[in-house]
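Novice: I'd like to ask some things about the structure below.
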Amino acid sequence: MSIRHLKTAKPETERAEDDAKVRAIVEQTLADIEARGDDAVRDLSEKFDNYTPAAFRLTESEIEALMARVSPRDMDDIKFAQEQVRNFAQAQRDSMLDIEVETLPGVILGHKNIPVQSVGCYVPGGKFPMVASAHMSVATASVAGVPRIIAATPPFKGEPNPAVIAAMHLGGAHEIFVLGGIQAVGAMAIGTETIDPVHMLVGPGNAFVAEAKRQLFGRVGIDLFAGPTETMVIADEHGADAELCATDLLGQAEHGYNSPAVLVTNSEKLARSTLAEIDRLLTILPTADTASKSWEDYGEVIVCDSYDEMLAVADDIASEHVQVMTDRDDWFLDKMTCYGALFLGARTNVANGDKVIGTNHTLPTKKAGRYTGGLWVGKFLKTHSYQKVLTDEAAATIGEYCSRLCMLEGFVGHAEQANVRVRRYGGRNVPYGAAAEPKLAAE
């Protein structure tokens, strides 16, 4: 391969050092929440958000008052976006069927899709009020039929953000808390005197929220490892120009100070003109303070010689968002295996997926796209299997095989579970602790 980096990001060693610092802070903070409950949560909220209300959970009247402050146009837009998310989530849910099959005469196997019984949805909002994240987690959990949905979001400029609260309420949240960061996900997972713990945590967040979810996994389920936003643009001179590439890269780099943005192209001309266009846009972009830091530390421009090389690079990086603008977009759709979500063609963009088009924006980061997809209605459903044996003959037949396979492994007690069925339902005298022998045809 002949792959050239016109711009590189900060080394992995420095990123690892940053991650280690975050891990230590999160571990200490979660231990404090477990030890001191509500007192720890209140102290953390005061320290990080300067917010200490009488109660962190909003009452129905408080929710109604906040929603009354949302303009009719904004409310209509929120409802439109939620409708798109709900429609796609419902189509996905409808594709997940309970099944029951007769695999042998008298042997019935099946599975049921059962909703997780309680979910905590984190909606970021300290720097930017992430209205859309409420659709992605709360509304999708509602479509899945989760019976208890609690949602938490940090205060915005010292108070609950009306639009975020409206989106949570319209999405179907049963309990809404104005809490941010580690204290929010920690309280929902561990529980406090006033917050009952949940079975699962979902939703994106900053590096501290992502690490808290990672450390809490096992105690509760999580949707996926959703760290800082990542974006990749795969482009050639046929599908895109510098303005499109630069806009799509910086449009995601503004999320935070550590949001990777990568251009992969087979055109050095396009690569260099995109670098110049990024410099120009950073002089006029209102969020340039954030985007420029991300681009400086985490931006990359990679030039390849062929589409196969571009594909290999893209699958290796496994970016969260992948914008494809080439003369063969469907080729990448067919060939790519490791990513969060694809955005195909110049007419669409990552912001569509983030805010309104209907696909979910909570997606795998840090190469997690190698082993998981993003949040979707299926994440809120647990597929549980069951079995029934309806006839004596089936019980005896399966029992014979089971008995011998258990003895093959040395599990005598397991074998006896099978043998007792062979004796009872097959009329066979199998000595205790022995393997059942095949029933002879003459018998």
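How things are named: the first chain in the structure tokens is A, the next is B, and so on; residues count from 1 in each chain; ligands count from 1 in the order shown.
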Using only C-alpha atoms, which protein or nucleic acid residues come within 8 Å of Lys7 of chain A? Drop anything in the same chain fewer than 4 positions from it, and give the result as a list in words.
Specialist: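 My list of contacting residues is Gly299, Glu300, Val301 and Ile302 of chain A.
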Novice: Can I get the selection written as a PDB file, in the first residue's frame, with N, CA, C and O atoms?
Specialist:
ATOM      1  N   GLY A 299      -7.548  15.737  14.074  1.00  0.00           N
ATOM      2  CA  GLY A 299      -7.837  15.699  12.652  1.00  0.00           C
ATOM      3  C   GLY A 299      -6.783  14.945  11.868  1.00  0.00           C
ATOM      4  O   GLY A 299      -5.591  14.999  12.190  1.00  0.00           O
ATOM      5  N   GLU A 300      -7.206  14.225  10.829  1.00  0.00           N
ATOM      6  CA  GLU A 300      -6.281  13.494   9.965  1.00  0.00           C
ATOM      7  C   GLU A 300      -6.711  13.635   8.504  1.00  0.00           C
ATOM      8  O   GLU A 300      -7.908  13.706   8.210  1.00  0.00           O
ATOM      9  N   VAL A 301      -5.727  13.653   7.626  1.00  0.00           N
ATOM     10  CA  VAL A 301      -5.988  13.602   6.194  1.00  0.00           C
ATOM     11  C   VAL A 301      -5.119  12.496   5.611  1.00  0.00           C
ATOM     12  O   VAL A 301      -3.892  12.537   5.728  1.00  0.00           O
ATOM     13  N   ILE A 302      -5.770  11.490   5.022  1.00  0.00           N
ATOM     14  CA  ILE A 302      -5.072  10.301   4.541  1.00  0.00           C
ATOM     15  C   ILE A 302      -5.338  10.150   3.041  1.00  0.00           C
ATOM     16  O   ILE A 302      -6.495  10.102   2.618  1.00  0.00           O
TER      17      ILE A 302
END
Novice: Quick one: contact table of segment 16-126 of chain A to segment 248-271 of chain A, 12 Å max, nearest atom pair and distance in Å to one decimal per residue, counting only C-alpha atoms, chain and number order, as CSV?
Specialist:
residue,atom,partner,partner_atom,distance
A:Asp18,CA,A:Asn258,CA,10.5
A:Asp19,CA,A:Asn258,CA,11.6
A:Pro124,CA,A:His255,CA,11.0
A:Gly125,CA,A:His255,CA,11.2
A:Gly126,CA,A:Gly256,CA,11.4
Novice: Using 12 Å as the limit and counting only C-alpha atoms, can you tabulate each residue of segment 331-369 of chain A that touches segment 79-103 of chain A, with its shortest atom-to-atom distance in Å and the two atoms involved, as JSON lines?
Specialist:
{"residue": "A:Asn352", "atom": "CA", "partner": "A:Ala81", "partner_atom": "CA", "distance": 10.1}
{"residue": "A:Gly353", "atom": "CA", "partner": "A:Val85", "partner_atom": "CA", "distance": 9.8}
{"residue": "A:Asp354", "atom": "CA", "partner": "A:Ala81", "partner_atom": "CA", "distance": 10.3}
{"residue": "A:Lys355", "atom": "CA", "partner": "A:Ala81", "partner_atom": "CA", "distance": 7.0}
{"residue": "A:Val356", "atom": "CA", "partner": "A:Ala81", "partner_atom": "CA", "distance": 4.6}
{"residue": "A:Ile357", "atom": "CA", "partner": "A:Gln84", "partner_atom": "CA", "distance": 6.1}
{"residue": "A:Gly358", "atom": "CA", "partner": "A:Val85", "partner_atom": "CA", "distance": 4.0}
{"residue": "A:Thr359", "atom": "CA", "partner": "A:Val85", "partner_atom": "CA", "distance": 6.3}
{"residue": "A:Asn360", "atom": "CA", "partner": "A:Val85", "partner_atom": "CA", "distance": 7.2}
{"residue": "A:His361", "atom": "CA", "partner": "A:Val85", "partner_atom": "CA", "distance": 10.0}
Novice: May I have the residues from that selection written out with C-alpha atoms, as a PDB file, in the first residue's frame?
Specialist:
ATOM      1  CA  ASN A 352     -29.332  14.436   9.326  1.00  0.00           C
ATOM      2  CA  GLY A 353     -28.650  11.293  11.320  1.00  0.00           C
ATOM      3  CA  ASP A 354     -27.797  13.269  14.439  1.00  0.00           C
ATOM      4  CA  LYS A 355     -31.005  15.251  14.504  1.00  0.00           C
ATOM      5  CA  VAL A 356     -33.929  14.242  12.364  1.00  0.00           C
ATOM      6  CA  ILE A 357     -33.857  11.625   9.603  1.00  0.00           C
ATOM      7  CA  GLY A 358     -34.809   8.685  11.838  1.00  0.00           C
ATOM      8  CA  THR A 359     -31.729   6.506  12.259  1.00  0.00           C
ATOM      9  CA  ASN A 360     -30.252   6.462  15.750  1.00  0.00           C
ATOM     10  CA  HIS A 361     -27.329   8.740  16.550  1.00  0.00           C
TER      11      HIS A 361
END
Novice: Residues of segment 216-277 of chain A in strand (DSSP E) according to DSSP, as a ChimeraX atom specification?
Specialist: /A:221-222,231-235,261-265
Novice: Find the residue from A:Glu393, A:Glu34, A:Leu58, A:Lys379 that sits nearest to Val146 of chain A; use only C-alpha atoms when measuring.
Specialist: A:Lys379
Novice: For Cys121 of chain A, which residue among A:Asp223, A:Glu46, A:Glu12, A:Asp334 is the nearest when counting only C-alpha atoms?
Specialist: A:Asp223
Novice: Out of A:Val41, A:Ile165, A:Ala141, A:Cys245, which residue has the shortest atom-to-atom distance to Leu381 of chain A when counting only C-alpha atoms?
Specialist: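 Under the stated criterion, the closest residue is A:Ala141.
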Novice: Just checking: using only C-alpha atoms, which residue out of A:Lys335, A:Arg404, A:His321, A:Arg148 ends up closest to Lys366 of chain A?
Specialist: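 Result for the nearest residue to Lys366 of chain A: A:His321.
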Novice: Give me, as a tab-separated table, the closest atom pair and its distance (Å, one decimal) for every residue of segment 85-194 of chain A within a cut-off of 6 Å of segment 385-388 of chain A, counting only C-alpha atoms, rows sorted by chain and rising number.
Specialist:
residue	atom	partner	partner_atom	distance
A:Ile108	CA	A:Lys388	CA	5.0
A:Leu109	CA	A:Gln387	CA	4.5
A:Gly110	CA	A:Tyr386	CA	5.4
A:His111	CA	A:Ser385	CA	4.0
Novice: Pick from A:His384, A:Ala207, A:Leu244, A:Met130: nearest to Arg15 of chain A, with only C-alpha atoms counted?
Specialist: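 Selected residue with least distance to Arg15 of chain A: A:Ala207.
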Novice: From the set A:Thr194, A:Ser137, A:Thr326, A:Thr153, which residue has the shortest atom-to-atom contact distance to His238 of chain A, counting only C-alpha atoms?
Specialist: A:Thr326
Novice: Could you state the separation of atom CA of Ala184 of chain A and atom CA of Ala210 of chain A in Å, given to one decimal place?
Specialist: 11.9 Å
Novice: Would you pick out the contacts of Ile33 of chain A at 8 Å or less, using only C-alpha atoms, so that residues sharing its chain but fewer than 6 positions from it are not included, and give the list as a CSV table (one decimal) with N, CA and C atoms, in the first residue's frame?
Specialist:
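Listed below is the output, part_24.csv:
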chain,number,residue,atom,x,y,z
A,40,ALA,N,-23.6,12.6,47.9
A,40,ALA,CA,-22.5,12.7,46.9
A,40,ALA,C,-23.0,13.3,45.6
A,41,VAL,N,-24.2,12.9,45.2
A,41,VAL,CA,-24.8,13.4,44.0
A,41,VAL,C,-24.9,14.9,44.1
A,183,GLN,N,-22.3,11.9,37.9
A,183,GLN,CA,-23.3,11.8,39.0
A,183,GLN,C,-24.6,11.3,38.5
A,186,GLY,N,-24.1,7.4,37.4
A,186,GLY,CA,-23.8,6.7,38.6
A,186,GLY,C,-25.0,6.5,39.5
A,187,ALA,N,-25.8,7.6,39.6
A,187,ALA,CA,-27.0,7.6,40.4
A,187,ALA,C,-28.0,6.6,39.8
A,190,ILE,N,-26.4,2.9,40.2
A,190,ILE,CA,-26.1,2.4,41.6
A,190,ILE,C,-27.4,2.6,42.4
A,192,THR,N,-29.8,5.7,44.7
A,192,THR,CA,-29.5,6.5,45.9
A,192,THR,C,-30.8,6.4,46.7
Novice: Tell me, which residues of segment 14-125 of chain A carry DSSP alpha helix (DSSP H), written as a ChimeraX atom specification?
Specialist: /A:14-36,38-49,60-67,72-94
Novice: Tell me which protein, DNA and RNA residues are within 6 Å of Val119 of chain A, counting only C-alpha atoms, leaving out same-chain ones fewer than 4 positions away, and put them as a list in words.
Specialist: Ile149, Val198, His199, Met200 and Leu201 of chain A
